[in-house]
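Here is the structure we will look at.
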Amino acid sequence: MDGPAKTAGLARYTADHHVPDLAHAALVHATVARGRITGLDTADAEAVGGVLAVLTHHNAPRMTPPAPVSALDLSTLAPGTTVDYLNTDRVHWNGQPVAVVVADSPDTARQAARLVRVTYEVEPAVTDFAAAQDDAVPLRGTLLVLGEERTGDAERALATAPVVVDHRYTTPAQSHHAMEPHATVAVWNGDRLTVHEGSQDVDWARRHLARRFGVPLAGVRVLSPHVGGGFGGKAPVWAGTVLTVLAARATGRAVRMVLSREDVIRTVGGRTPTVQRVALGAQRDGTLTALLHTGVSQVGRVGGTPEPVGSQSRHLYAAPHIWIRHSTTTLDVLPTAHMRAPGEAVGTFALESAVDELAVALGMDPVELRMRNEPDRDPLDGKRFSRRDLRAAYARGAERFGWAERTPSPRSMRDGHWLVGRGVATAFHLPVRLPADVTVRLRADGTVLVRCAFHEIGVGAATAQTQVAADALGVPVEAVTVEHGDTELPVGPQAGGSGQTASVATALLEACEELKRSVLALARRSPSSPLRGRRLSELRAGRGGLYRADAPDRGETYGVILTRAGRAEIEVRTAAGTRLGRTLQQARAAAGWFRDRRRWVRAVTGAHFCEVRVDEHTGEVRVSRWLGVFDVGRVVNPKTATSQLRGGIVMGIGAALSEETLVDPRTGRTVNPGLAEYHVPVQADLPRIEVDYLDEPDPTTPLGLLGVGEVGITGVAAAVANAVHHATGVRVRDLPVTLDRLL
Ligand code: MOS
């Protein structure tokens with residue numbers, strides 16, 4: 001639905017918003033990892049023509065500090081960090097904003113920002129993840145956080161297993177590089193605040209800003225109709241947002257700040273580095289007896305989210321003895337944050353590499369090894385999978401990819417100087433479900449308006465909901481308009497955890513049912529209605545109205561019903577209008593989610609098939625073929641779902657081959673804060689990526705929806721590394737697989 005506006009350049013992203021009297025802001029970043037600001041010389045910056053203000057902790061308006069967050073809190077509602085930007089002289093990471101320049105043009109603001117001189121009293125800082133691993137503390141599990149999990153005695157089973165692989169894997173820190181950099185436009189009108197913001201969670205942004213600036217929630221409006229990619233990086237509220245609002249308040253001007261790539265890398269949390277151990281014990285026939293997966297991730301001292309790298313390891317293989325443990329180490333660095341499939345994206349690299357290593361040790365086909373250990377129930381607690389047909393995904397993938405043509409020995413396939421390798425790996429993700437409030441308005445002219453503050457982060461979210469509404473009400477998609485991305489609308493879910501589409505659709509379906517019931521009640525009042533005396537269950541929605549299932553020509557259009565009843569429109573809302581009503585509704589939804597989690601494992605899975613070509617002289621790795629076959633529940637829209645899954649694979653190929661945030665361990669400073677030195681795949685790095693899916697509804701959810709946003713990236717790095725091993729005989733256990741590791 002958003003395609004025409006985007007291709008015509010009419011869709012407005014945050015940075016496209018121009019308001020009268022607009023000023024522009026730029027950040028000044030700290031250059032030490034930890035300490036105290038002792039001196040600030042802003043005179044040169046202030047002297048630049050066009051500079052309106054240089055804000056520092058000396059002159060910035062006071063804000064309410066962010067609510068304290070536990071470093072162990074996995075809630076995506078975390079404000080990103082507890083740092084009280086520009087209200088403190090303390091520095092907590094190298095890159096923390098310490099000043100903001102406001103000027104009449106973006107270039108002037110940036111130029112002046114470079115002239116701000118800051119001196120520090122430096123304090124000792126812990127910034128080297130590799131050195132800090134030994135201080136890692138095991139996570140205690142909560143309802144939301146995966147802590148330690150065990151069944152049986154995995155260490156003993158491992159000690160007595162006839163075949164064992166036991167290795168250490170590492171993955172580097174990664175930075176968020178959404179196509180659209182973070183941007184904010186802030187406009188104050190008295191105590192009323194309007195913010196344009198590329199956001200995955202406008203409701204959280206609104207609540208956070210109301211708290212920080214001490215203004216009534218009702219007066220804060222956050223608009224985010226189009227977002228150029230999020231991946232988790234636009235779910236919390238980061239410095240750029242808060243400081244743009246602060247700059248607008250301090251100067252009395254509307255202010256826009258568009259972060260540079262460097263600003264994003266220094267102020268928006270990315271993915272933690274990890275070190276992981278995976279040990280597998282098996283019988284000689286490939287039956288797994290022991291599975292151990294432990295991992296260390298990092299958080300910042302002022303915020304961050306640990307990565308549950310063993311998430312998939314408790315669900316994927318039918319081993320009788322399993323032990324999973326997550327530990328966290330705390331550093332003086334930018335808080336880590338969620339990035340597409342936190343946990344599984346890097347956890348599957350270790351697990352699915354180890355499974356491949358076991359296949360090699362057993363002399364067994366890696367697909368066959370996986371299928372031999374496919375569980376009927378959750379291996380840890382015996383829960384049922386709501387649906388799971390990984391066997392079908394592998395069977396279809398093997399057929400389509402031509403897996404049988406692979407010769408098993410490493411270095412056995414080549415094409416001239418290219419060593420050819422093929423690898424597989426399993427994808428796994430647990431989509432979340434969140435409450436959503438939706439209104440649906442049906443007008444006498446047959447058009448429908450759906451309103452919900454969900455987020456269009458580039459996934460076709462509005463398209464999917466248009467389809468759901470059109471289908472439920474039996475109207476053409478052209479008759480449906482969906483409004484989203486605005487806190488004036490009923491509260492929607494965060495675009496995160498692969499849960500937005502299913503969460504909104506659940507509420508939307510409920511609203512459409514209610515709407516049809518109300519329309520039928522109107523019809524039944526009329527003696528002339530062919531629907532008189534009928535129940536909704538006897539009717540079908542279609543052709544713009546309600547018709548009898550047993551006599552499809554008996555019925556009438558919504559227009560006829562509404563017009564006869566003298567109604568221009570009819571509207572229903574899923575949530576109670578009161579705050580208390582909404583709170584109760586959310587509590588019910590949360591309780592339902594936990595109840596479901598106790599009953600079922602609702603997971604999406606997939607099978608990746610990858611072919612690489614490795615130059616035998618230079619070690620250059622080219623991904624030459626890709627096929628992913630996924631079991632994701634029902635697919636609402638094949639075009640957008642395929643695009644999501646393909647995008648995940650692209651991101652996974654970046655993680656496999658090039659992405660790496662490089663931090664100078666002496667200073668904690670990121671030394672590759674831009675796309676010139678932080679390499680993401682471009683078209684020339686990618687083959688045509690084939691995506692297929694089973695498209696079978698999940699029997700436990702409305703419409704059978706699960707979620708597709710994150711599963712695509714999981715398993716990808718392992719599939720690449722496994723293919724590289726097959727091509728070269730070299731096993732790379734440390735991402736990214738750069739050519740120096742192959743020479
Ligand atoms: Mo995501 S990492 O659930 O935005």
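Chain labels follow the order of the structure tokens: the first chain is A, the next B, and so on; residue numbering restarts at 1 in every chain, and ligands are counted from 1 in their shown order.
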
### Task
Enumerate residues in contact with ligand 1: an atom-to-atom distance of at most 9 Å, counting only C-alpha atoms and all ligand atoms. Format the result as a ChimeraX atom specification.
/A:76,200,230-235,337-342,431-432,494-499,709-710

Okay, now the selection with N, CA and C atoms, as a compact mmCIF listing (two decimals), in the first residue's frame?
```txt
# COMPACT_ATOMS: atom_id res chain seq x y z
N THR A 76 12.13 -4.52 26.21
CA THR A 76 12.50 -3.59 25.15
C THR A 76 12.03 -2.19 25.47
N GLN A 200 10.45 2.63 16.40
CA GLN A 200 9.78 1.34 16.45
C GLN A 200 8.79 1.27 17.59
N GLY A 230 14.60 -0.50 11.24
CA GLY A 230 14.74 -0.37 12.68
C GLY A 230 15.66 -1.41 13.28
N PHE A 231 15.29 -2.67 13.13
CA PHE A 231 16.11 -3.83 13.55
C PHE A 231 16.38 -3.86 15.05
N GLY A 232 15.65 -3.07 15.83
CA GLY A 232 15.87 -2.99 17.27
C GLY A 232 16.53 -1.68 17.67
N GLY A 233 17.21 -1.05 16.74
CA GLY A 233 17.95 0.18 17.05
C GLY A 233 17.07 1.39 17.24
N LYS A 234 15.81 1.30 16.80
CA LYS A 234 14.91 2.44 16.98
C LYS A 234 13.78 2.12 17.96
N ALA A 235 14.00 1.10 18.80
CA ALA A 235 13.00 0.79 19.82
C ALA A 235 13.23 1.60 21.10
N ALA A 337 22.32 -3.13 22.81
CA ALA A 337 20.88 -3.09 22.58
C ALA A 337 20.49 -4.23 21.66
N HIS A 338 19.19 -4.33 21.47
CA HIS A 338 18.69 -5.38 20.60
C HIS A 338 19.05 -5.12 19.14
N MET A 339 19.39 -6.17 18.46
CA MET A 339 19.57 -6.12 17.02
C MET A 339 19.00 -7.42 16.47
N ARG A 340 18.17 -7.30 15.48
CA ARG A 340 17.48 -8.42 14.82
C ARG A 340 17.85 -9.81 15.38
N ALA A 341 16.87 -10.45 15.99
CA ALA A 341 17.03 -11.77 16.62
C ALA A 341 18.12 -11.78 17.69
N PRO A 342 17.98 -10.87 18.70
CA PRO A 342 18.95 -10.89 19.79
C PRO A 342 18.96 -12.29 20.43
N PRO A 431 8.80 -15.67 18.08
CA PRO A 431 8.13 -14.37 17.94
C PRO A 431 7.34 -14.03 19.20
N VAL A 432 7.25 -12.76 19.52
CA VAL A 432 6.48 -12.34 20.69
C VAL A 432 5.05 -11.96 20.28
N GLN A 494 4.90 -2.34 19.94
CA GLN A 494 6.22 -2.03 19.39
C GLN A 494 6.44 -2.88 18.13
N ALA A 495 7.17 -2.32 17.17
CA ALA A 495 7.60 -3.14 16.03
C ALA A 495 8.86 -3.87 16.46
N GLY A 496 8.69 -4.98 17.14
CA GLY A 496 9.84 -5.71 17.65
C GLY A 496 9.47 -7.14 17.94
N GLY A 497 10.47 -7.95 18.10
CA GLY A 497 10.24 -9.35 18.45
C GLY A 497 9.44 -10.11 17.41
N SER A 498 9.44 -9.63 16.19
CA SER A 498 8.70 -10.28 15.09
C SER A 498 7.23 -10.43 15.43
N GLY A 499 6.71 -9.51 16.27
CA GLY A 499 5.35 -9.71 16.75
C GLY A 499 4.32 -8.70 16.28
N GLY A 709 9.95 -11.41 10.97
CA GLY A 709 10.94 -10.34 10.92
C GLY A 709 12.37 -10.76 11.24
N GLU A 710 12.53 -11.70 12.13
CA GLU A 710 13.87 -11.98 12.65
C GLU A 710 14.44 -13.34 12.25
```

### Message
Please list as a ChimeraX atom specification every residue within 10 Å of Thr88 of chain A, counting only C-alpha atoms and excluding residues in the same chain fewer than 2 positions away.
### Response
/A:36-37,56-58,60,62,83-86,90-91,98

Could you write out that same residue set with C-alpha atoms as a short mmCIF file (atom, residue, chain, number, x, y, z; two decimals), in the first residue's frame?
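Everything below was put into out.cif:
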```cif
data_model
loop_
_atom_site.label_atom_id
_atom_site.label_comp_id
_atom_site.auth_asym_id
_atom_site.auth_seq_id
_atom_site.Cartn_x
_atom_site.Cartn_y
_atom_site.Cartn_z
CA ARG A 36 34.46 13.73 34.57
CA ILE A 37 34.28 16.83 32.42
CA THR A 56 26.41 21.71 27.81
CA HIS A 57 25.77 20.53 31.35
CA HIS A 58 26.47 24.12 32.46
CA ALA A 60 21.18 22.96 29.47
CA ARG A 62 17.20 20.26 33.70
CA VAL A 83 22.57 8.51 31.43
CA ASP A 84 21.28 11.95 32.16
CA TYR A 85 22.70 13.61 29.05
CA LEU A 86 23.87 17.20 29.52
CA ARG A 90 30.07 12.33 34.18
CA VAL A 91 31.23 10.41 31.13
CA VAL A 98 28.63 16.00 26.07
#
```

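Residues surrounding Met179 of chain A within 10 Å are Val227, Gly228, Gly229 and Gly230 of chain A [only C-alpha atoms; sequence separation below 6 positions excluded].
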
Closest atom pairs, segment 438-478 of chain A residues within 10 Å of segment 542-559 of chain A, only C-alpha atoms, as a Markdown table:
```
| residue | atom | partner | partner_atom | distance |
| --- | --- | --- | --- | --- |
| A:Leu442 | CA | A:Tyr558 | CA | 8.1 |
| A:Arg443 | CA | A:Gly559 | CA | 7.3 |
| A:Ala444 | CA | A:Gly559 | CA | 4.3 |
| A:Asp445 | CA | A:Gly559 | CA | 5.6 |
| A:Gly446 | CA | A:Gly559 | CA | 5.6 |
| A:Thr447 | CA | A:Gly544 | CA | 8.9 |
| A:Ala470 | CA | A:Gly542 | CA | 9.1 |
| A:Asp471 | CA | A:Gly542 | CA | 8.1 |
| A:Ala472 | CA | A:Gly542 | CA | 8.6 |
| A:Leu473 | CA | A:Gly542 | CA | 6.8 |
| A:Gly474 | CA | A:Gly542 | CA | 3.7 |
| A:Val475 | CA | A:Gly544 | CA | 4.5 |
| A:Pro476 | CA | A:Gly544 | CA | 7.4 |
```

Kindly assemble as JSON lines a list of the segment 655-682 of chain A residues that lie within 8 Å of segment 10-32 of chain A, each paired with its nearest atom pair and their distance in Å to one decimal, using only C-alpha atoms, sorted first by chain and then by ascending residue number.
```
{"residue": "A:Thr667", "atom": "CA", "partner": "A:Val32", "partner_atom": "CA", "distance": 6.6}
{"residue": "A:Gly668", "atom": "CA", "partner": "A:Val32", "partner_atom": "CA", "distance": 7.7}
{"residue": "A:Arg669", "atom": "CA", "partner": "A:Thr31", "partner_atom": "CA", "distance": 7.5}
```

Okay, now the selection with N, CA and C atoms, as a PDB file, in the first residue's frame?
```pdb
ATOM      1  N   THR A 667      41.159   2.569  24.698  1.00  0.00           N
ATOM      2  CA  THR A 667      40.391   3.790  24.914  1.00  0.00           C
ATOM      3  C   THR A 667      38.885   3.555  24.889  1.00  0.00           C
ATOM      4  N   GLY A 668      38.462   2.369  24.451  1.00  0.00           N
ATOM      5  CA  GLY A 668      37.040   2.115  24.334  1.00  0.00           C
ATOM      6  C   GLY A 668      36.402   2.854  23.177  1.00  0.00           C
ATOM      7  N   ARG A 669      37.223   3.385  22.270  1.00  0.00           N
ATOM      8  CA  ARG A 669      36.670   4.178  21.168  1.00  0.00           C
ATOM      9  C   ARG A 669      36.443   3.297  19.949  1.00  0.00           C
TER      10      ARG A 669
END
```

### Which of segment 628-737 of chain A DSSP labels strand (DSSP E or B), written as a list of chain:residue names
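Output for segment 628-737 of chain A, strand (DSSP E or B) only: A:Gly628, A:Val629, A:Phe630, A:Asp631, A:Gly633, A:Val663, A:Asp664, A:Arg669, A:Thr670, A:Ile689, A:Glu690, A:Val691, A:Asp692, A:Tyr693, A:Leu705, A:Asp734.
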
### Query
Nearest to Phe630 of chain A among A:Trp323, A:Trp593, A:Phe428, A:Phe129, with distances taken over only C-alpha atoms: which residue is it?
A:Phe428

### Message
Please determine, counting only C-alpha atoms, which residue among A:Val309, A:Val716, A:Ala131, A:Val101 has the shortest atom-to-atom distance to Ser297 of chain A.
### Response
A:Val309

### Task
Go through segment 31-65 of chain A and collect every residue that DSSP, computed from the backbone, puts in helix (DSSP H, G or I); the answer should be as a PyMOL selection string.
chain A and resi 43-47

### Query
Contacts of Asp365 of chain A at 9 Å or less, counting only C-alpha atoms, minus same-chain residues fewer than 4 places along, as an MDAnalysis selection string?
chainID A and resid 356 359:360 369:370 408

### Task
Go through A:Thr7, A:Thr267, A:Thr171, A:Asn722 and flag the residue nearest Glu660 of chain A, using only C-alpha atoms for the distances.
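Of all the options, A:Thr171 lies closest to Glu660 of chain A.
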